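Colleague: Take a look at work.cif, mmCIF, C-alpha atoms and all ligand atoms:
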```
data_protein
#
loop_
_atom_site.label_atom_id
_atom_site.label_comp_id
_atom_site.auth_asym_id
_atom_site.auth_seq_id
_atom_site.Cartn_x
_atom_site.Cartn_y
_atom_site.Cartn_z
CA MET A 27 -0.31 -9.63 21.60
CA PRO A 28 1.87 -7.74 19.07
CA TYR A 29 0.38 -6.32 15.88
CA ALA A 30 1.84 -7.20 12.46
CA HIS A 31 2.60 -4.04 10.49
CA ILE A 32 3.52 -3.88 6.81
CA THR A 33 6.61 -1.67 6.93
CA GLY A 34 8.36 -2.47 3.65
CA TRP A 35 7.38 -3.24 0.07
CA GLY A 36 9.22 -3.80 -3.17
CA MET A 37 8.80 -5.14 -6.68
CA SER A 38 10.92 -6.32 -9.55
CA VAL A 39 9.76 -6.94 -13.11
CA PRO A 40 11.83 -7.88 -16.16
CA SER A 41 12.44 -5.01 -18.57
CA LYS A 42 11.49 -7.09 -21.63
CA VAL A 43 7.96 -6.18 -22.78
CA LEU A 44 5.70 -8.48 -24.82
CA THR A 45 2.77 -6.59 -26.34
CA ASN A 46 -0.52 -7.97 -27.62
CA ASP A 47 0.69 -7.21 -31.15
CA ASP A 48 3.79 -9.32 -30.50
CA ILE A 49 1.55 -12.24 -29.43
CA SER A 50 -0.66 -11.81 -32.50
CA LYS A 51 2.41 -12.74 -34.56
CA MET A 52 2.64 -16.04 -32.65
CA VAL A 53 -1.02 -17.18 -32.43
CA ASP A 54 -4.35 -16.33 -34.06
CA THR A 55 -5.38 -13.37 -31.86
CA ASN A 56 -5.31 -9.59 -31.92
CA ASP A 57 -4.80 -6.61 -29.62
CA GLU A 58 -8.48 -5.58 -29.66
CA TRP A 59 -9.73 -9.04 -28.62
CA ILE A 60 -7.22 -9.34 -25.78
CA ARG A 61 -7.90 -5.81 -24.47
CA GLU A 62 -11.69 -6.23 -24.62
CA ARG A 63 -11.77 -9.68 -22.99
CA THR A 64 -9.03 -9.15 -20.40
CA GLY A 65 -7.89 -5.50 -20.16
CA ILE A 66 -4.28 -6.60 -20.78
CA ARG A 67 -2.09 -4.60 -23.19
CA GLU A 68 1.35 -5.99 -22.45
CA ARG A 69 3.27 -8.18 -20.01
CA ARG A 70 6.89 -8.61 -18.89
CA ILE A 71 8.95 -11.65 -19.84
CA ALA A 72 12.04 -12.82 -17.96
CA GLU A 73 15.41 -12.91 -19.73
CA GLU A 74 17.31 -16.18 -19.62
CA ARG A 75 19.44 -14.99 -16.67
CA GLN A 76 16.32 -14.09 -14.65
CA SER A 77 14.25 -16.53 -12.62
CA SER A 78 11.75 -16.61 -9.77
CA ALA A 79 14.62 -16.39 -7.26
CA THR A 80 16.46 -13.47 -8.90
CA LEU A 81 13.26 -11.43 -9.27
CA GLY A 82 12.19 -12.36 -5.74
CA ALA A 83 15.57 -11.37 -4.30
CA GLU A 84 15.46 -7.98 -6.04
CA ALA A 85 11.94 -7.28 -4.77
CA SER A 86 13.04 -8.33 -1.26
CA ILE A 87 15.99 -5.92 -1.19
CA GLU A 88 13.65 -3.08 -2.25
CA ALA A 89 11.21 -4.00 0.54
CA LEU A 90 14.02 -4.15 3.12
CA LYS A 91 15.27 -0.70 2.03
CA ILE A 92 11.85 0.81 2.73
CA ALA A 93 11.55 -1.00 6.06
CA GLY A 94 15.06 0.14 7.01
CA LEU A 95 16.08 -3.42 7.88
CA LEU A 96 19.07 -5.56 6.97
CA PRO A 97 18.55 -9.10 5.61
CA THR A 98 20.09 -10.33 8.88
CA ASP A 99 17.16 -8.77 10.79
CA ILE A 100 14.69 -11.12 9.06
CA ASP A 101 13.73 -14.20 11.05
CA LEU A 102 11.33 -15.84 8.57
CA ILE A 103 11.00 -15.87 4.76
CA ILE A 104 7.79 -17.12 3.15
CA CYS A 105 8.01 -17.37 -0.62
CA SER A 106 4.80 -17.92 -2.50
CA THR A 107 5.33 -19.21 -6.04
CA SER A 108 3.81 -21.58 -8.59
CA THR A 109 6.94 -21.43 -10.71
CA PRO A 110 9.66 -22.38 -8.23
CA GLU A 111 13.29 -22.77 -9.24
CA HIS A 112 13.07 -26.52 -8.52
CA ILE A 113 10.70 -28.98 -6.86
CA PHE A 114 13.27 -28.70 -4.08
CA PRO A 115 15.16 -26.90 -2.62
CA ALA A 116 12.64 -24.18 -1.88
CA THR A 117 12.95 -20.93 -3.81
CA ALA A 118 12.70 -19.21 -0.39
CA CYS A 119 16.05 -20.80 0.58
CA ILE A 120 17.68 -19.66 -2.66
CA ILE A 121 16.46 -16.11 -2.00
CA GLN A 122 17.63 -16.38 1.64
CA ASP A 123 21.12 -17.20 0.36
CA LYS A 124 21.07 -14.54 -2.38
CA ILE A 125 20.18 -11.69 -0.01
CA GLY A 126 22.21 -12.97 2.96
CA ALA A 127 19.31 -13.42 5.40
CA THR A 128 21.47 -15.65 7.58
CA ARG A 129 19.13 -15.74 10.59
CA ALA A 130 15.95 -16.63 8.72
CA GLY A 131 13.95 -19.81 8.40
CA ALA A 132 12.66 -20.11 4.84
CA PHE A 133 9.95 -22.08 3.07
CA ASP A 134 7.81 -22.02 -0.08
CA LEU A 135 4.06 -21.77 -0.06
CA SER A 136 1.97 -23.19 -2.90
CA ALA A 137 -1.47 -21.63 -3.19
CA ALA A 138 -1.17 -20.31 -6.76
CA CYS A 139 -2.51 -16.80 -7.33
CA SER A 140 -3.94 -16.66 -3.77
CA GLY A 141 -0.49 -17.46 -2.37
CA PHE A 142 0.48 -13.94 -1.39
CA ILE A 143 -2.70 -13.59 0.70
CA TYR A 144 -2.01 -16.94 2.36
CA GLY A 145 1.62 -15.91 2.95
CA LEU A 146 0.66 -12.55 4.42
CA ASN A 147 -1.78 -14.21 6.77
CA MET A 148 0.80 -16.81 7.88
CA ALA A 149 3.36 -14.04 8.43
CA ALA A 150 0.88 -11.96 10.43
CA LEU A 151 -0.06 -14.96 12.57
CA ALA A 152 3.61 -15.82 13.19
CA ILE A 153 4.15 -12.26 14.43
CA ARG A 154 0.93 -12.07 16.44
CA SER A 155 1.75 -15.33 18.20
CA GLY A 156 5.07 -13.83 19.31
CA SER A 157 7.05 -16.44 17.38
CA ASN A 158 8.62 -14.05 14.86
CA LYS A 159 9.42 -10.31 14.77
CA ASN A 160 10.45 -9.50 11.19
CA VAL A 161 8.99 -11.58 8.37
CA LEU A 162 9.61 -11.27 4.64
CA VAL A 163 6.76 -12.39 2.36
CA ILE A 164 7.57 -12.79 -1.32
CA GLY A 165 5.36 -13.52 -4.32
CA THR A 166 7.41 -14.35 -7.39
CA GLU A 167 6.74 -15.96 -10.77
CA THR A 168 8.37 -16.74 -14.08
CA LEU A 169 5.19 -18.08 -15.67
CA SER A 170 6.58 -17.54 -19.18
CA ARG A 171 8.63 -20.74 -18.68
CA PHE A 172 5.41 -22.78 -18.29
CA ILE A 173 3.33 -21.28 -21.10
CA ASP A 174 2.56 -23.00 -24.35
CA TRP A 175 3.18 -20.13 -26.74
CA LYS A 176 0.96 -21.90 -29.30
CA ASP A 177 -2.08 -21.88 -26.96
CA ARG A 178 -4.03 -18.63 -27.39
CA ASN A 179 -6.27 -19.46 -24.43
CA THR A 180 -3.41 -19.05 -21.98
CA CYS A 181 -0.44 -17.28 -23.61
CA ILE A 182 -2.27 -13.93 -23.74
CA LEU A 183 -2.85 -13.83 -19.98
CA PHE A 184 0.33 -14.34 -18.02
CA GLY A 185 3.51 -12.37 -17.25
CA ASP A 186 6.58 -12.51 -15.03
CA GLY A 187 7.44 -10.48 -11.93
CA ALA A 188 7.89 -10.39 -8.18
CA GLY A 189 6.73 -8.40 -5.18
CA ALA A 190 7.64 -8.52 -1.50
CA PHE A 191 6.41 -7.14 1.82
CA VAL A 192 8.23 -6.85 5.15
CA LEU A 193 5.99 -7.41 8.18
CA GLN A 194 7.17 -6.28 11.61
CA ALA A 195 5.92 -6.75 15.14
CA SER A 196 4.72 -3.63 16.94
CA GLU A 197 2.77 -2.82 20.09
CA GLN A 198 0.96 -0.03 18.17
CA PRO A 199 -2.48 -1.06 16.85
CA GLY A 200 -2.58 -1.42 13.05
CA GLY A 201 -1.25 -3.65 10.29
CA ALA A 202 -2.91 -6.94 9.36
CA TYR A 203 -6.42 -7.49 10.72
CA GLY A 204 -9.02 -10.00 9.51
CA ALA A 205 -8.17 -12.62 6.91
CA VAL A 206 -9.85 -15.58 5.26
CA MET A 207 -8.38 -18.48 3.31
CA HIS A 208 -10.54 -20.89 1.31
CA SER A 209 -10.03 -23.87 -0.97
CA ASP A 210 -11.97 -26.27 -3.18
CA GLY A 211 -9.77 -29.04 -4.56
CA SER A 212 -12.64 -30.43 -6.63
CA GLY A 213 -11.79 -27.68 -9.13
CA GLY A 214 -8.11 -28.56 -9.29
CA ASP A 215 -8.28 -29.62 -12.93
CA LEU A 216 -9.59 -26.22 -14.07
CA LEU A 217 -6.15 -24.63 -13.85
CA THR A 218 -3.15 -26.92 -13.68
CA ILE A 219 0.32 -27.88 -14.85
CA PRO A 220 -0.47 -31.59 -15.11
CA ALA A 221 3.05 -33.06 -15.42
CA GLY A 222 6.41 -32.73 -13.73
CA GLY A 223 5.26 -33.78 -10.25
CA SER A 224 4.92 -37.24 -8.68
CA ARG A 225 1.50 -37.89 -10.28
CA ASN A 226 2.84 -37.54 -13.83
CA PRO A 227 6.63 -37.48 -13.74
CA THR A 228 8.26 -35.90 -16.78
CA SER A 229 8.46 -38.40 -19.62
CA GLU A 230 8.71 -38.39 -23.37
CA LEU A 231 4.87 -38.64 -23.45
CA THR A 232 4.26 -35.72 -21.07
CA LEU A 233 6.61 -33.54 -23.10
CA ARG A 234 5.09 -34.58 -26.43
CA THR A 235 1.54 -33.85 -25.20
CA GLY A 236 2.47 -30.52 -23.57
CA MET A 237 1.46 -31.61 -20.07
CA HIS A 238 4.29 -29.53 -18.59
CA PHE A 239 2.49 -26.34 -19.70
CA ILE A 240 -0.36 -24.42 -18.02
CA HIS A 241 -3.76 -25.91 -18.90
CA MET A 242 -6.87 -23.89 -18.14
CA ASP A 243 -10.63 -23.93 -18.53
CA GLY A 244 -10.93 -20.16 -18.88
CA LYS A 245 -14.72 -19.95 -18.73
CA GLU A 246 -15.00 -22.00 -15.53
CA VAL A 247 -12.16 -20.12 -13.84
CA PHE A 248 -13.84 -16.85 -14.81
CA ARG A 249 -17.16 -18.01 -13.30
CA PHE A 250 -15.44 -19.15 -10.10
CA ALA A 251 -13.49 -15.90 -9.76
CA THR A 252 -16.49 -13.63 -10.16
CA ARG A 253 -18.34 -15.75 -7.57
CA VAL A 254 -15.72 -15.57 -4.79
CA MET A 255 -14.02 -12.16 -4.96
CA ALA A 256 -16.77 -10.05 -3.39
CA GLY A 257 -17.57 -12.70 -0.76
CA ALA A 258 -13.97 -13.01 0.45
CA THR A 259 -13.59 -9.21 0.62
CA ASN A 260 -16.75 -8.95 2.72
CA GLU A 261 -15.57 -11.72 5.06
CA ALA A 262 -12.17 -10.08 5.70
CA VAL A 263 -13.81 -6.70 6.32
CA GLU A 264 -16.33 -8.21 8.74
CA LYS A 265 -13.61 -10.13 10.59
CA SER A 266 -11.77 -6.84 11.06
CA GLY A 267 -14.84 -5.26 12.61
CA TRP A 268 -15.02 -2.71 9.80
CA LYS A 269 -17.78 -1.63 7.45
CA LEU A 270 -17.23 -1.87 3.70
CA ASP A 271 -17.58 1.90 3.24
CA GLN A 272 -14.56 2.42 5.53
CA VAL A 273 -12.31 0.63 3.02
CA ASP A 274 -10.08 3.10 1.16
CA LEU A 275 -8.62 0.72 -1.41
CA VAL A 276 -9.02 -2.85 -2.63
CA VAL A 277 -5.92 -4.42 -4.18
CA PRO A 278 -7.29 -7.41 -6.09
CA HIS A 279 -5.46 -10.19 -7.91
CA GLN A 280 -4.78 -8.83 -11.40
CA ALA A 281 -6.16 -11.55 -13.68
CA ASN A 282 -8.81 -9.92 -15.82
CA LEU A 283 -10.37 -6.44 -15.71
CA ARG A 284 -13.85 -7.93 -16.17
CA ILE A 285 -13.37 -10.05 -13.03
CA ILE A 286 -12.36 -6.96 -11.03
CA GLU A 287 -15.35 -5.03 -12.43
CA ALA A 288 -17.66 -7.89 -11.41
CA ALA A 289 -16.21 -7.79 -7.88
CA ALA A 290 -16.77 -4.02 -7.73
CA ARG A 291 -20.39 -4.49 -8.81
CA GLY A 292 -20.85 -7.28 -6.26
CA LEU A 293 -19.52 -5.07 -3.48
CA LYS A 294 -21.33 -1.96 -4.79
CA MET A 295 -18.01 -0.10 -4.68
CA PRO A 296 -16.77 2.33 -7.35
CA MET A 297 -13.95 1.13 -9.60
CA ASP A 298 -11.70 3.98 -8.42
CA LYS A 299 -11.41 2.12 -5.10
CA PHE A 300 -9.77 -0.81 -6.94
CA MET A 301 -6.10 -0.76 -7.85
CA VAL A 302 -5.67 -1.95 -11.44
CA ASN A 303 -2.36 -2.34 -13.28
CA LEU A 304 -2.95 -5.57 -15.20
CA ASP A 305 -2.89 -3.62 -18.48
CA ARG A 306 0.92 -3.38 -18.14
CA TYR A 307 1.84 -6.68 -16.47
CA GLY A 308 -0.90 -9.21 -17.29
CA ASN A 309 -1.52 -11.88 -14.67
CA THR A 310 1.67 -12.38 -12.65
CA SER A 311 -0.14 -14.87 -10.38
CA THR A 312 1.01 -14.59 -6.76
CA ALA A 313 3.16 -11.55 -7.57
CA SER A 314 0.26 -9.47 -8.86
CA ILE A 315 -1.06 -8.24 -5.50
CA PRO A 316 2.27 -7.00 -4.07
CA ILE A 317 3.21 -5.42 -7.44
CA ALA A 318 -0.15 -3.63 -7.54
CA ALA A 319 0.29 -2.52 -3.91
CA VAL A 320 3.76 -1.10 -4.59
CA GLU A 321 2.41 0.87 -7.56
CA ALA A 322 -0.59 2.04 -5.49
CA VAL A 323 1.85 3.51 -2.94
CA GLN A 324 3.93 5.10 -5.71
CA GLN A 325 0.79 6.65 -7.22
CA GLY A 326 -0.41 7.99 -3.84
CA LYS A 327 -3.47 5.69 -3.83
CA LEU A 328 -2.32 3.85 -0.69
CA ARG A 329 -1.23 6.03 2.22
CA PRO A 330 -0.37 5.45 5.89
CA GLY A 331 -3.57 4.93 7.88
CA ASP A 332 -5.59 3.72 4.88
CA LYS A 333 -7.78 0.66 5.25
CA VAL A 334 -6.90 -1.75 2.44
CA VAL A 335 -8.15 -5.18 1.44
CA PHE A 336 -6.00 -7.60 -0.56
CA VAL A 337 -8.13 -10.22 -2.31
CA GLY A 338 -7.22 -13.04 -4.66
CA PHE A 339 -8.20 -16.34 -6.24
CA GLY A 340 -6.42 -19.00 -8.21
CA ALA A 341 -5.58 -22.59 -8.94
CA GLY A 342 -6.33 -25.18 -6.31
CA LEU A 343 -8.93 -23.83 -6.33
CA THR A 344 -7.97 -21.31 -3.68
CA TRP A 345 -9.20 -17.87 -2.70
CA GLY A 346 -8.83 -15.47 0.20
CA ALA A 347 -8.60 -11.92 1.45
CA LEU A 348 -6.72 -9.97 4.09
CA ALA A 349 -7.67 -6.58 5.49
CA ALA A 350 -4.94 -4.28 6.78
CA GLU A 351 -4.37 -0.79 8.01
CA TRP A 352 -1.48 0.47 5.88
CA THR A 353 1.45 1.48 8.06
CA GLY A 354 4.16 2.82 5.81
CA PRO A 355 7.83 2.84 6.73
CA LYS A 356 8.56 3.25 10.42
CA GLN A 357 10.60 6.45 9.95
CA ALA A 358 11.39 6.77 13.64
CA THR A 359 13.23 3.48 13.78
CA ARG A 360 14.92 3.68 10.38
CA ARG A 361 18.63 3.03 10.53
CA VAL A 362 21.28 4.05 8.08
CA VAL A 363 22.03 0.71 6.51
CA LYS A 364 24.50 -0.50 3.97
CA LEU A 365 21.87 -2.68 2.36
CA GLU A 366 23.40 -2.15 -1.09
CA TRP A 367 26.37 -4.22 0.03
CA PHE A 368 24.35 -7.34 0.79
CA PRO A 369 23.74 -8.50 -2.80
CA TRP A 370 27.56 -8.38 -3.21
CA ILE A 371 28.52 -9.82 0.16
CA ALA A 372 25.91 -12.63 0.13
CA PRO A 373 27.37 -14.52 -2.90
CA ILE A 374 30.88 -14.32 -1.37
CA ARG A 375 29.52 -15.68 1.90
CA SER A 376 27.64 -18.41 -0.01
CA PHE A 377 30.80 -19.33 -1.96
CA LEU A 378 32.87 -19.53 1.23
CA ARG A 379 30.28 -21.82 2.84
CA ARG A 380 30.34 -24.12 -0.21
CA LEU A 381 34.14 -24.07 -0.17
CA GLY A 382 34.16 -24.87 3.55
CA ARG A 383 31.85 -27.83 2.95
CA ALA A 384 34.05 -29.08 0.13
CA ILE A 385 37.21 -28.86 2.28
CA GLU A 386 35.40 -30.59 5.16
CA GLY A 387 34.32 -33.31 2.71
CA ILE A 388 37.92 -33.86 1.60
CA ILE A 389 39.24 -33.96 5.19
CA PHE A 390 36.50 -36.20 6.61
CA GLY A 391 36.34 -38.23 3.38
CA ARG A 392 40.05 -39.10 3.79
CA LYS A 393 39.57 -40.01 7.46
CA SER A 394 36.65 -42.39 6.89
N1 LIG Y 401 -7.90 -14.46 -29.39
C1 LIG Y 401 -8.96 -14.49 -30.21
N2 LIG Y 401 -10.01 -15.30 -30.03
C2 LIG Y 401 -9.94 -16.14 -28.96
C3 LIG Y 401 -8.86 -16.16 -28.09
C4 LIG Y 401 -7.79 -15.28 -28.34
N3 LIG Y 401 -6.71 -15.23 -27.55
N4 LIG Y 401 -9.09 -17.08 -27.12
C5 LIG Y 401 -10.29 -17.61 -27.38
N5 LIG Y 401 -10.81 -17.04 -28.50
C6 LIG Y 401 -12.07 -17.31 -29.15
C7 LIG Y 401 -12.63 -18.67 -28.79
O1 LIG Y 401 -12.13 -19.66 -29.64
C8 LIG Y 401 -14.10 -18.44 -28.96
O2 LIG Y 401 -14.43 -18.53 -30.33
P1 LIG Y 401 -15.77 -19.22 -30.78
O3 LIG Y 401 -16.87 -18.40 -30.18
O4 LIG Y 401 -15.70 -19.15 -32.27
O5 LIG Y 401 -15.71 -20.61 -30.24
C9 LIG Y 401 -14.31 -16.99 -28.55
O6 LIG Y 401 -13.03 -16.36 -28.68
C10 LIG Y 401 -14.80 -16.84 -27.13
O7 LIG Y 401 -13.97 -17.66 -26.30
P2 LIG Y 401 -14.19 -17.74 -24.76
O8 LIG Y 401 -13.27 -18.75 -24.18
O9 LIG Y 401 -15.67 -17.89 -24.51
O10 LIG Y 401 -13.74 -16.28 -24.32
P3 LIG Y 401 -13.96 -15.59 -22.94
O11 LIG Y 401 -14.77 -14.38 -23.09
O12 LIG Y 401 -14.36 -16.58 -21.87
O13 LIG Y 401 -12.47 -15.12 -22.62
C11 LIG Y 401 -10.63 -15.70 -21.22
C12 LIG Y 401 -11.45 -16.06 -22.45
C13 LIG Y 401 -9.55 -16.75 -21.04
C14 LIG Y 401 -10.01 -14.34 -21.44
C15 LIG Y 401 -11.58 -15.66 -19.98
O14 LIG Y 401 -12.35 -16.82 -19.94
C16 LIG Y 401 -10.84 -15.51 -18.68
O15 LIG Y 401 -10.21 -14.51 -18.44
N6 LIG Y 401 -10.99 -16.51 -17.78
C17 LIG Y 401 -10.31 -16.46 -16.51
C18 LIG Y 401 -8.89 -16.88 -16.69
C19 LIG Y 401 -8.03 -16.52 -15.50
O16 LIG Y 401 -8.20 -15.49 -14.88
N7 LIG Y 401 -7.06 -17.39 -15.19
C20 LIG Y 401 -6.13 -17.18 -14.14
C21 LIG Y 401 -6.76 -17.39 -12.83
S1 LIG Y 401 -5.68 -17.00 -11.55
#
```
Let me see the file written as structure tokens.
Modeller:
Amino acid sequence: MPYAHITGWGMSVPSKVLTNDDISKMVDTNDEWIRERTGIRERRIAEERQSSATLGAEASIEALKIAGLLPTDIDLIICSTSTPEHIFPATACIIQDKIGATRAGAFDLSAACSGFIYGLNMAALAIRSGSNKNVLVIGTETLSRFIDWKDRNTCILFGDGAGAFVLQASEQPGGAYGAVMHSDGSGGDLLTIPAGGSRNPTSELTLRTGMHFIHMDGKEVFRFATRVMAGATNEAVEKSGWKLDQVDLVVPHQANLRIIEAAARGLKMPMDKFMVNLDRYGNTSTASIPIAAVEAVQQGKLRPGDKVVFVGFGAGLTWGALAAEWTGPKQATRRVVKLEWFPWIAPIRSFLRRLGRAIEGIIFGRKS
């Protein structure tokens, strides 16, 4: 049975920064309150031209560069997002087209902030079953488009960004090991965008009452999160046949520093074993774990051979964890690739396919 190694990683965040002071000009809040209650100092906000697909595509190209693969080497794309481009088509398909991953199947996964863990686990299982060899997992969000900027309970928390991992099959032991995925739909109303789906289609009423924005019971979500983080980490570690003290780094969902500190206390692990970067990005939902992992690598906190646990929680309610032995790029098999060309070639290819369909439509339309 092949192992599923993480051989590429990338991130993309908008350059526009929104500080706590900026938010204090919009709602009744202040920098001190936000920092003390959440640990967040600033977050990134997408420009008009940016979206979940553009950020996701940029993160994917970065991950492919590190893995030394071309988009055409990818056979499956799993895109986790709660802020998709549309209800359909899937954001994964839009990214597939943008990067030119012409051989890949592509689908979206909806498990909110736990989505990247779910996606990683699905990718690892697809590889371990022998069904796929090279899988791209993306977590991408433009949450700023779903925030009520008059609601101080939510607008202080969230930010935009994307992260991506490449997983590859290998006969060498390592990569993804034990994982757990949990859910409790009875808590669905604690964190929700109530309108815009089939239950409450968009209407004048849903717009007037702000049901297309994020609604959250912060206290209850906080209680839930502090309850499940340590448990899920322990489960993934046990399933891997490891002991907790063998874990080199935990990369938790970046929602609130106090939640991460509670998890550290629950696990009796020092805070320096937890990657934290929420001060600069806020909660980027499903993108927060891969973004934190990329920065952990850049800062030398995550090195080849390290035992790492990714753990998250979110709307649904959902929660989960995945333990992995960090591989790093497979230098030996790296090819010199013209990856830079793909973001230019892919739109031309996409245009030609649309043109071909239009010409076919005219020809067959005339015949019928
Ligand atoms: N600025 C200033 N005051 C604020 C405020 C803000 N942005 N938001 C709330 N307050 C006020 C409240 O009105 C309340 O005032 P009161 O005591 O006069 O009624 C007081 O601060 C305490 O509010 P409370 O909601 O109890 O704060 P809290 O300590 O629970 O912190 C959150 C609020 C949202 C930061 C916290 O509950 C949280 O992080 N929850 C988890 C959210 C989360 O992670 N969501 C994503 C999951 S993936």
Colleague: Residues within 12 Å of Ala322 of chain A, please, as an MDAnalysis selection string. Count all atoms listed in the file; anything in the same chain fewer than 4 positions from it doesn't count.
Modeller: chainID A and resid 35:37 274:278 298:303 315:318 326:330 332 334 352
Colleague: Taking all atoms listed in the file into account, which of A:Met242, A:Ala127, A:Ala79, A:Ala152 comes nearest Phe184 of chain A?
Modeller: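 Ranking A:Met242, A:Ala127, A:Ala79, A:Ala152 by distance to Phe184 of chain A, first place goes to A:Met242.
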Colleague: Within 7 Å of ligand LIG 401 (chain Y), counting all atoms listed in the file, which protein or nucleic acid residues do you find, written as a PyMOL selection string?
Modeller: chain A and resi 54-56+59-60+63-64+139+178-180+182+244-245+247-248+281-282+311+339-341
Colleague: For Cys119 of chain A, work out the shell of residues within 9 Å, counting only C-alpha atoms and skipping chain neighbours fewer than 2 positions away, then give it as a PyMOL selection string.
Modeller: chain A and resi 103+105+115-117+121-124+131-134
Colleague: Given only C-alpha atoms as the basis, pick out the residue of A:Thr98, A:Thr45, A:Asn147, A:Ser170 nearest to Lys364 of chain A.
Modeller: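 Counting only C-alpha atoms, the residue closest to Lys364 of chain A is A:Thr98.
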Colleague: Nearest to Asp186 of chain A: which of A:Pro40, A:Gly65, A:Gly165, A:Gly213 is it, counting all atoms listed in the file?
Modeller: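 Counting all atoms listed in the file, the residue closest to Asp186 of chain A is A:Pro40.
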Colleague: When you look at segment 233-239 of chain A with a cut-off of 10 Å (counting only C-alpha atoms), what residues show up, excluding the ones that are within fewer than 4 positions of it in the same chain? I need them as a list in words.
Modeller: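 Answer for this query is Leu169, Ser170, Arg171, Phe172, Ile173, Asp174, Trp175, Asp177, Thr180, Thr218, Ile219, Pro220, Ala221, Gly222, Gly223, Asn226, Pro227, Thr228 and Ser229 of chain A.
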